[in-house]
$ cat run.tsv   # TSV, C-alpha atoms
chain	number	residue	atom	x	y	z
A	1	MET	CA	0.00	0.00	0.00
A	2	ALA	CA	1.41	3.38	-0.97
A	3	VAL	CA	2.25	5.87	1.76
A	4	GLU	CA	-0.58	8.16	0.66
A	5	GLU	CA	-3.12	5.35	0.75
A	6	ARG	CA	-1.94	4.17	4.14
A	7	ARG	CA	-2.19	7.68	5.57
A	8	ARG	CA	-5.68	8.14	4.18
A	9	SER	CA	-6.72	4.79	5.61
A	10	GLN	CA	-5.35	5.67	9.05
A	11	LEU	CA	-7.01	9.07	9.06
A	12	LEU	CA	-10.31	7.60	8.00
A	13	ARG	CA	-10.18	4.79	10.52
A	14	GLY	CA	-10.16	7.30	13.34
A	15	VAL	CA	-13.33	9.04	12.24
A	16	LEU	CA	-15.33	6.44	10.31
A	17	ASP	CA	-17.51	5.73	13.34
A	18	LEU	CA	-18.39	9.45	13.48
A	19	CYS	CA	-19.10	9.46	9.75
A	20	LEU	CA	-21.46	6.51	10.15
A	21	LEU	CA	-23.26	8.16	13.05
A	22	ALA	CA	-23.53	11.35	10.98
A	23	VAL	CA	-25.07	9.70	7.92
A	24	MET	CA	-27.52	7.66	9.98
A	25	ASP	CA	-28.44	10.80	11.88
A	26	GLU	CA	-29.87	12.11	8.59
A	27	GLY	CA	-32.35	9.27	8.71
A	28	PRO	CA	-32.38	5.58	9.61
A	29	ALA	CA	-30.22	3.59	7.23
A	30	TYR	CA	-29.16	0.01	6.58
A	31	GLY	CA	-25.58	-1.03	5.91
A	32	TYR	CA	-25.25	-0.47	2.19
A	33	GLU	CA	-27.38	2.67	2.37
A	34	MET	CA	-24.75	4.19	4.65
A	35	THR	CA	-22.05	3.21	2.18
A	36	LYS	CA	-24.00	5.04	-0.54
A	37	ARG	CA	-24.46	8.13	1.59
A	38	LEU	CA	-20.73	8.23	2.33
A	39	ARG	CA	-19.93	7.77	-1.37
A	40	ALA	CA	-22.35	10.57	-2.31
A	41	ARG	CA	-20.29	12.88	-0.10
A	42	GLY	CA	-17.08	11.87	-1.77
A	43	LEU	CA	-16.02	9.36	0.85
A	44	PRO	CA	-15.86	5.92	-0.74
A	45	ILE	CA	-14.63	3.27	1.63
A	46	VAL	CA	-13.13	1.05	-1.05
A	47	GLY	CA	-9.98	-0.55	0.31
A	48	GLU	CA	-10.91	0.20	3.91
A	49	GLY	CA	-12.29	-2.33	6.32
A	50	SER	CA	-15.93	-3.23	6.07
A	51	ILE	CA	-18.39	-1.06	7.94
A	52	TYR	CA	-20.18	-4.09	9.42
A	53	PRO	CA	-17.82	-4.75	12.34
A	54	LEU	CA	-17.92	-1.04	13.09
A	55	LEU	CA	-21.71	-1.06	13.13
A	56	GLY	CA	-21.58	-4.03	15.49
A	57	ARG	CA	-19.24	-2.12	17.75
A	58	LEU	CA	-21.52	0.93	17.76
A	59	GLU	CA	-24.44	-1.32	18.63
A	60	SER	CA	-22.54	-3.09	21.40
A	61	ALA	CA	-21.56	0.27	22.85
A	62	GLY	CA	-25.20	1.37	22.89
A	63	LEU	CA	-24.54	4.21	20.45
A	64	VAL	CA	-27.13	3.05	17.91
A	65	ASP	CA	-30.63	1.68	18.02
A	66	THR	CA	-31.68	-0.89	15.43
A	67	TYR	CA	-34.86	-2.31	14.03
A	68	ARG	CA	-35.87	-4.44	11.08
A	69	ALA	CA	-38.21	-3.09	8.43
A	70	GLU	CA	-39.01	-3.55	4.76
A	71	SER	CA	-36.78	-1.52	2.51
A	72	ASP	CA	-38.19	0.20	-0.58
A	73	GLY	CA	-39.54	-2.72	-2.55
A	74	GLY	CA	-36.86	-4.97	-1.13
A	75	PRO	CA	-36.42	-7.48	1.66
A	76	PRO	CA	-36.47	-6.55	5.35
A	77	ARG	CA	-33.27	-4.80	6.36
A	78	LYS	CA	-31.66	-3.92	9.63
A	79	TYR	CA	-31.93	-0.16	10.09
A	80	TYR	CA	-29.59	1.82	12.30
A	81	THR	CA	-30.22	5.13	13.95
A	82	PRO	CA	-28.16	6.93	16.60
A	83	SER	CA	-29.36	6.41	20.14
A	84	PRO	CA	-29.52	9.45	22.44
A	85	ARG	CA	-26.10	8.41	23.71
A	86	GLY	CA	-24.90	8.07	20.13
A	87	ARG	CA	-26.04	11.62	19.33
A	88	ARG	CA	-24.12	12.93	22.30
A	89	ALA	CA	-21.07	10.94	21.17
A	90	LEU	CA	-21.46	12.36	17.67
A	91	ALA	CA	-21.64	15.94	18.93
A	92	ALA	CA	-18.59	15.43	21.12
A	93	GLY	CA	-16.72	13.69	18.32
A	94	VAL	CA	-17.47	16.43	15.82
A	95	ALA	CA	-16.20	19.08	18.23
A	96	GLU	CA	-13.08	17.02	18.80
A	97	TRP	CA	-12.57	16.55	15.05
A	98	ARG	CA	-12.93	20.27	14.35
A	99	ALA	CA	-10.48	21.20	17.07
A	100	THR	CA	-7.99	18.65	15.76
A	101	ARG	CA	-8.50	19.75	12.16
A	102	ASP	CA	-7.95	23.42	13.10
A	103	SER	CA	-4.78	22.59	15.01
A	104	VAL	CA	-3.37	20.57	12.14
A	105	ASP	CA	-4.39	23.26	9.67
A	106	ALA	CA	-2.54	25.83	11.76
A	107	VAL	CA	0.63	23.84	11.10
A	108	LEU	CA	0.11	22.36	7.66
A	109	GLY	CA	-1.77	25.36	6.30
A	110	LEU	CA	1.46	27.34	6.33
A	111	VAL	CA	3.17	24.89	4.02
A	112	GLU	CA	3.23	25.93	0.41
A	113	ALA	CA	2.79	22.62	-1.25
A	114	GLU	CA	2.71	21.74	-4.87
A	115	VAL	CA	0.89	18.51	-5.61
A	116	TYR	CA	1.99	16.53	-8.60
A	117	PRO	CA	-0.42	14.14	-10.23
B	1	MET	CA	-21.87	-13.11	-4.61
B	2	SER	CA	-24.27	-15.68	-3.17
B	3	GLN	CA	-21.34	-18.05	-2.83
B	4	PHE	CA	-19.61	-15.52	-0.58
B	5	VAL	CA	-22.72	-15.26	1.58
B	6	GLU	CA	-23.03	-19.03	1.81
B	7	GLU	CA	-19.39	-19.30	2.84
B	8	CYS	CA	-20.02	-16.65	5.49
B	9	ARG	CA	-23.08	-18.53	6.71
B	10	ARG	CA	-21.05	-21.74	7.03
B	11	GLU	CA	-18.32	-19.86	8.84
B	12	TRP	CA	-20.77	-18.28	11.29
B	13	LYS	CA	-22.19	-21.73	11.95
B	14	ARG	CA	-18.67	-23.06	12.59
B	15	LEU	CA	-18.10	-20.17	14.99
B	16	ARG	CA	-21.29	-21.18	16.83
B	17	VAL	CA	-23.15	-18.00	16.11
B	18	PRO	CA	-26.80	-18.61	17.02
B	19	ARG	CA	-28.62	-19.70	13.89
B	20	ALA	CA	-31.20	-16.90	13.98
B	21	LEU	CA	-28.48	-14.27	14.20
B	22	ALA	CA	-26.41	-15.93	11.47
B	23	ASP	CA	-29.44	-16.11	9.18
B	24	GLU	CA	-30.20	-12.47	9.82
B	25	MET	CA	-26.64	-11.37	9.10
B	26	ALA	CA	-26.57	-13.51	5.94
B	27	GLU	CA	-29.85	-12.02	4.70
B	28	ASP	CA	-28.63	-8.48	5.33
B	29	LEU	CA	-25.34	-9.15	3.62
B	30	ALA	CA	-26.99	-10.79	0.62
B	31	ALA	CA	-29.43	-7.89	0.24
B	32	ASP	CA	-26.60	-5.35	0.45
B	33	LEU	CA	-24.55	-7.24	-2.13
B	34	ARG	CA	-27.51	-7.54	-4.51
B	35	GLU	CA	-28.20	-3.83	-4.24
B	36	ALA	CA	-24.52	-2.99	-4.75
B	37	GLU	CA	-24.39	-5.20	-7.82
B	38	ALA	CA	-27.47	-3.46	-9.23
B	39	ASP	CA	-25.75	-0.11	-8.61
B	40	GLY	CA	-22.65	-1.28	-10.40
B	41	ALA	CA	-20.63	-0.97	-7.19
B	42	SER	CA	-17.78	-3.33	-6.44
B	43	GLU	CA	-17.91	-6.00	-3.76
B	44	GLU	CA	-15.01	-4.27	-2.10
B	45	GLU	CA	-17.16	-1.22	-1.56
B	46	VAL	CA	-19.50	-3.30	0.58
B	47	LEU	CA	-17.09	-5.77	2.10
B	48	GLY	CA	-13.98	-3.66	2.41
B	49	SER	CA	-10.67	-5.43	2.35
B	50	GLY	CA	-12.33	-8.71	3.39
B	51	ALA	CA	-14.01	-9.03	0.01
B	52	SER	CA	-11.99	-12.05	-0.99
B	53	ASP	CA	-11.82	-13.79	2.35
B	54	PRO	CA	-15.08	-14.95	4.01
B	55	ARG	CA	-13.18	-16.23	7.04
B	56	ALA	CA	-11.53	-12.87	7.71
B	57	PHE	CA	-14.81	-11.06	7.09
B	58	THR	CA	-16.86	-13.24	9.45
B	59	GLY	CA	-14.11	-13.37	12.06
B	60	GLY	CA	-14.04	-9.60	12.22
B	61	GLN	CA	-17.77	-9.54	12.76
B	62	ILE	CA	-17.80	-12.16	15.47
B	63	VAL	CA	-15.37	-10.21	17.57
B	64	GLU	CA	-17.83	-7.36	17.52
B	65	LEU	CA	-21.02	-9.36	17.79
B	66	ALA	CA	-20.05	-11.86	20.43
B	67	HIS	CA	-23.14	-13.20	22.10
B	68	LEU	CA	-22.77	-15.16	25.27
B	69	THR	CA	-25.46	-17.09	27.00
B	70	VAL	CA	-25.43	-17.58	30.73
B	71	GLN	CA	-27.13	-20.60	32.20
B	72	ILE	CA	-28.80	-19.69	35.45
B	73	GLY	CA	-28.35	-22.21	38.25
B	74	LEU	CA	-28.46	-22.13	42.01
B	75	ASN	CA	-25.19	-20.33	42.49
B	76	HIS	CA	-24.70	-16.72	41.69
B	77	THR	CA	-21.43	-17.17	39.88
B	78	TYR	CA	-21.63	-18.76	36.49
B	79	GLN	CA	-18.94	-20.03	34.24
B	80	PHE	CA	-19.24	-20.26	30.52
B	81	THR	CA	-17.02	-20.36	27.51
B	82	ALA	CA	-16.74	-18.19	24.49
B	83	ARG	CA	-14.89	-18.97	21.34
B	84	HIS	CA	-13.19	-16.44	19.16
B	85	LEU	CA	-13.69	-13.65	21.57
B	86	VAL	CA	-10.81	-11.23	21.80
B	87	PRO	CA	-10.41	-10.44	25.47
B	88	ASN	CA	-9.26	-6.88	25.03
B	89	SER	CA	-10.60	-4.41	27.51
B	90	HIS	CA	-12.03	-2.17	24.81
B	91	LYS	CA	-14.27	-4.93	23.51
B	92	THR	CA	-17.81	-4.96	24.77
B	93	VAL	CA	-19.12	-8.32	25.84
B	94	ARG	CA	-22.82	-8.68	25.38
B	95	ILE	CA	-24.44	-11.11	27.75
B	96	THR	CA	-27.78	-12.56	26.88
B	97	LEU	CA	-29.65	-13.45	30.03
B	98	PRO	CA	-32.68	-15.72	30.09
B	99	ALA	CA	-35.91	-13.80	29.79
B	100	ASP	CA	-37.28	-15.43	32.91
B	101	LEU	CA	-34.49	-14.14	35.12
B	102	PRO	CA	-36.12	-12.29	38.02
B	103	SER	CA	-35.77	-8.60	37.46
B	104	ARG	CA	-34.08	-8.12	40.82
B	105	PHE	CA	-31.05	-10.01	39.47
B	106	LYS	CA	-28.44	-8.25	37.45
B	107	VAL	CA	-24.93	-8.81	36.19
B	108	LEU	CA	-22.50	-7.68	38.85
B	109	ALA	CA	-19.23	-8.57	37.20
B	110	VAL	CA	-17.73	-10.17	34.14
B	111	THR	CA	-14.30	-11.63	34.63
B	112	ARG	CA	-12.05	-11.98	31.63
B	113	PRO	CA	-10.23	-15.24	30.94
B	114	VAL	CA	-6.97	-15.61	32.78
B	115	PRO	CA	-3.95	-17.61	31.59
B	116	GLY	CA	-4.45	-21.28	32.24
B	117	GLU	CA	-8.20	-21.06	32.01
B	118	THR	CA	-8.38	-22.06	28.41
B	119	ASN	CA	-9.83	-25.35	27.39
B	120	THR	CA	-6.94	-26.57	25.28
B	121	GLN	CA	-9.03	-29.19	23.52
B	122	ASN	CA	-11.17	-26.73	21.68
B	123	ASN	CA	-9.41	-23.47	22.47
B	124	GLU	CA	-12.40	-22.06	24.31
B	125	ARG	CA	-11.76	-19.39	26.87
B	126	ILE	CA	-13.51	-19.48	30.18
B	127	TRP	CA	-15.28	-16.37	31.37
B	128	ARG	CA	-17.10	-15.89	34.64
B	129	VAL	CA	-20.22	-13.88	35.11
B	130	THR	CA	-21.37	-12.96	38.56
B	131	ILE	CA	-25.07	-12.37	38.89
B	132	GLY	CA	-26.64	-11.02	42.03
B	133	LYS	CA	-29.26	-8.76	43.51

$ encode --input "run.tsv" --output "structure tokens"
Amino acid sequence: MAVEERRRSQLLRGVLDLCLLAVMDEGPAYGYEMTKRLRARGLPIVGEGSIYPLLGRLESAGLVDTYRAESDGGPPRKYYTPSPRGRRALAAGVAEWRATRDSVDAVLGLVEAEVYP
Amino acid sequence: MSQFVEECRREWKRLRVPRALADEMAEDLAADLREAEADGASEEEVLGSGASDPRAFTGGQIVELAHLTVQIGLNHTYQFTARHLVPNSHKTVRITLPADLPSRFKVLAVTRPVPGETNTQNNERIWRVTIGK
């Protein structure tokens, strides 16, 4: 794996749980639906780990509520939505992410970089 | 794609995942893969880096979805075994208690496996759950 890919993967791994909570906070979603919502925002998870273990971890931690329901014209699916505790975790995580991003920007933003294709 | 799901189902069965849960996970996975295929998305987009390895994919899930069943007897300390459970402190262990357990009882403590408390015949680790009032 190239250095760039590895760095992207590591960065994403630290916030993918927040991203999942964020997209399911827009409305209950099943597994692949979350993948689509992430992709629609320019965040494909190709090459990363599957989201399923992460969803299991969120469920075990009580950060999501789940239920089964018919999908649009399809079979019953397991829908995920943030629990009240999950919404609090999302809000705290977003604040933490923004603070981290601003701090890193304060350092890296000063670098005049030229990116070659 | 259905072959991948069937391999996952077999693997979940081998890992002693309760049949109802395994069936549910297999149905969800199959539905997601069908929808992805219809969208023209790759398997990797759904399965991540485990796309080519059902064993790695299911193993990763079991660590997160470990379900343990406690048999209620006369004593308040119960011993049970769990396979394929990674005993790291950050993992959450979900304990399924019998529905008829009196509501005044609750789980007081879950003790992680200690060295020497592994059944070497089948590599099961022994956990202890203390239930009390």

$ atom_distance --input "run.tsv" --atom1 "CA of Ser2 (chain B)" --atom2 "CA of Leu33 (chain B)"
8.5 Å

$ closest_atom_pairs --input "run.tsv" --of "chain A" --to "chain B" --cutoff "8 Å" --atoms "all atoms listed in the file" --output "Markdown table"
| residue | atom | partner | partner_atom | distance |
| --- | --- | --- | --- | --- |
| A:Gly31 | CA | B:Asp32 | CA | 7.0 |
| A:Tyr32 | CA | B:Asp32 | CA | 5.4 |
| A:Thr35 | CA | B:Val46 | CA | 7.2 |
| A:Pro44 | CA | B:Glu45 | CA | 7.3 |
| A:Ile45 | CA | B:Glu45 | CA | 6.1 |
| A:Val46 | CA | B:Glu45 | CA | 4.7 |
| A:Gly47 | CA | B:Ser49 | CA | 5.3 |
| A:Glu48 | CA | B:Gly48 | CA | 5.2 |
| A:Gly49 | CA | B:Gly48 | CA | 4.5 |
| A:Ser50 | CA | B:Gly48 | CA | 4.2 |
| A:Ile51 | CA | B:Gly48 | CA | 7.5 |
| A:Tyr52 | CA | B:Gln61 | CA | 6.8 |
| A:Pro53 | CA | B:Gln61 | CA | 4.8 |
| A:Leu54 | CA | B:Glu64 | CA | 7.7 |
| A:Gly56 | CA | B:Glu64 | CA | 5.4 |
| A:Arg57 | CA | B:Glu64 | CA | 5.4 |
| A:Ser60 | CA | B:Thr92 | CA | 6.1 |
| A:Ala61 | CA | B:Thr92 | CA | 6.7 |
| A:Pro75 | CA | B:Ala31 | CA | 7.1 |
| A:Arg77 | CA | B:Asp28 | CA | 6.0 |
| A:Lys78 | CA | B:Asp28 | CA | 7.0 |

$ axis_aligned_box --input "run.tsv" --around "region 10-16 of chain A" --padding-each-side "6 Å" --output "JSON"
{"center_x": -10.3, "center_y": 6.9, "center_z": 10.7, "size_x": 22.0, "size_y": 16.3, "size_z": 17.3}

$ closest_residue --input "run.tsv" --among "A:Gly62, A:Gly74, A:Gly93, A:Gly14" --to "Tyr30 (chain A)" --atoms "all atoms listed in the file"
A:Gly74

$ residues_around --input "run.tsv" --residues "Arg41 (chain A)" --least-positions-apart "4" --cutoff "10 Å" --atoms "all atoms listed in the file" --output "PDB file with C-alpha atoms, keeping the file's coordinate frame"
ATOM      1  CA  VAL A  23     -25.070   9.700   7.920  1.00  0.00           C
ATOM      2  CA  LYS A  36     -24.000   5.040  -0.540  1.00  0.00           C
ATOM      3  CA  ARG A  37     -24.460   8.130   1.590  1.00  0.00           C
TER       4      ARG A  37
END

$ atom_distance --input "run.tsv" --atom1 "CA of Tyr80 (chain A)" --atom2 "CA of Leu38 (chain A)"
14.8 Å

$ atom_distance --input "run.tsv" --atom1 "CA of Thr66 (chain A)" --atom2 "CA of Gln3 (chain B)"
27.1 Å

$ closest_residue --input "run.tsv" --among "A:Val3, A:Val15, A:Ala29, A:Ala22" --to "Thr100 (chain A)" --atoms "all atoms listed in the file"
A:Val15
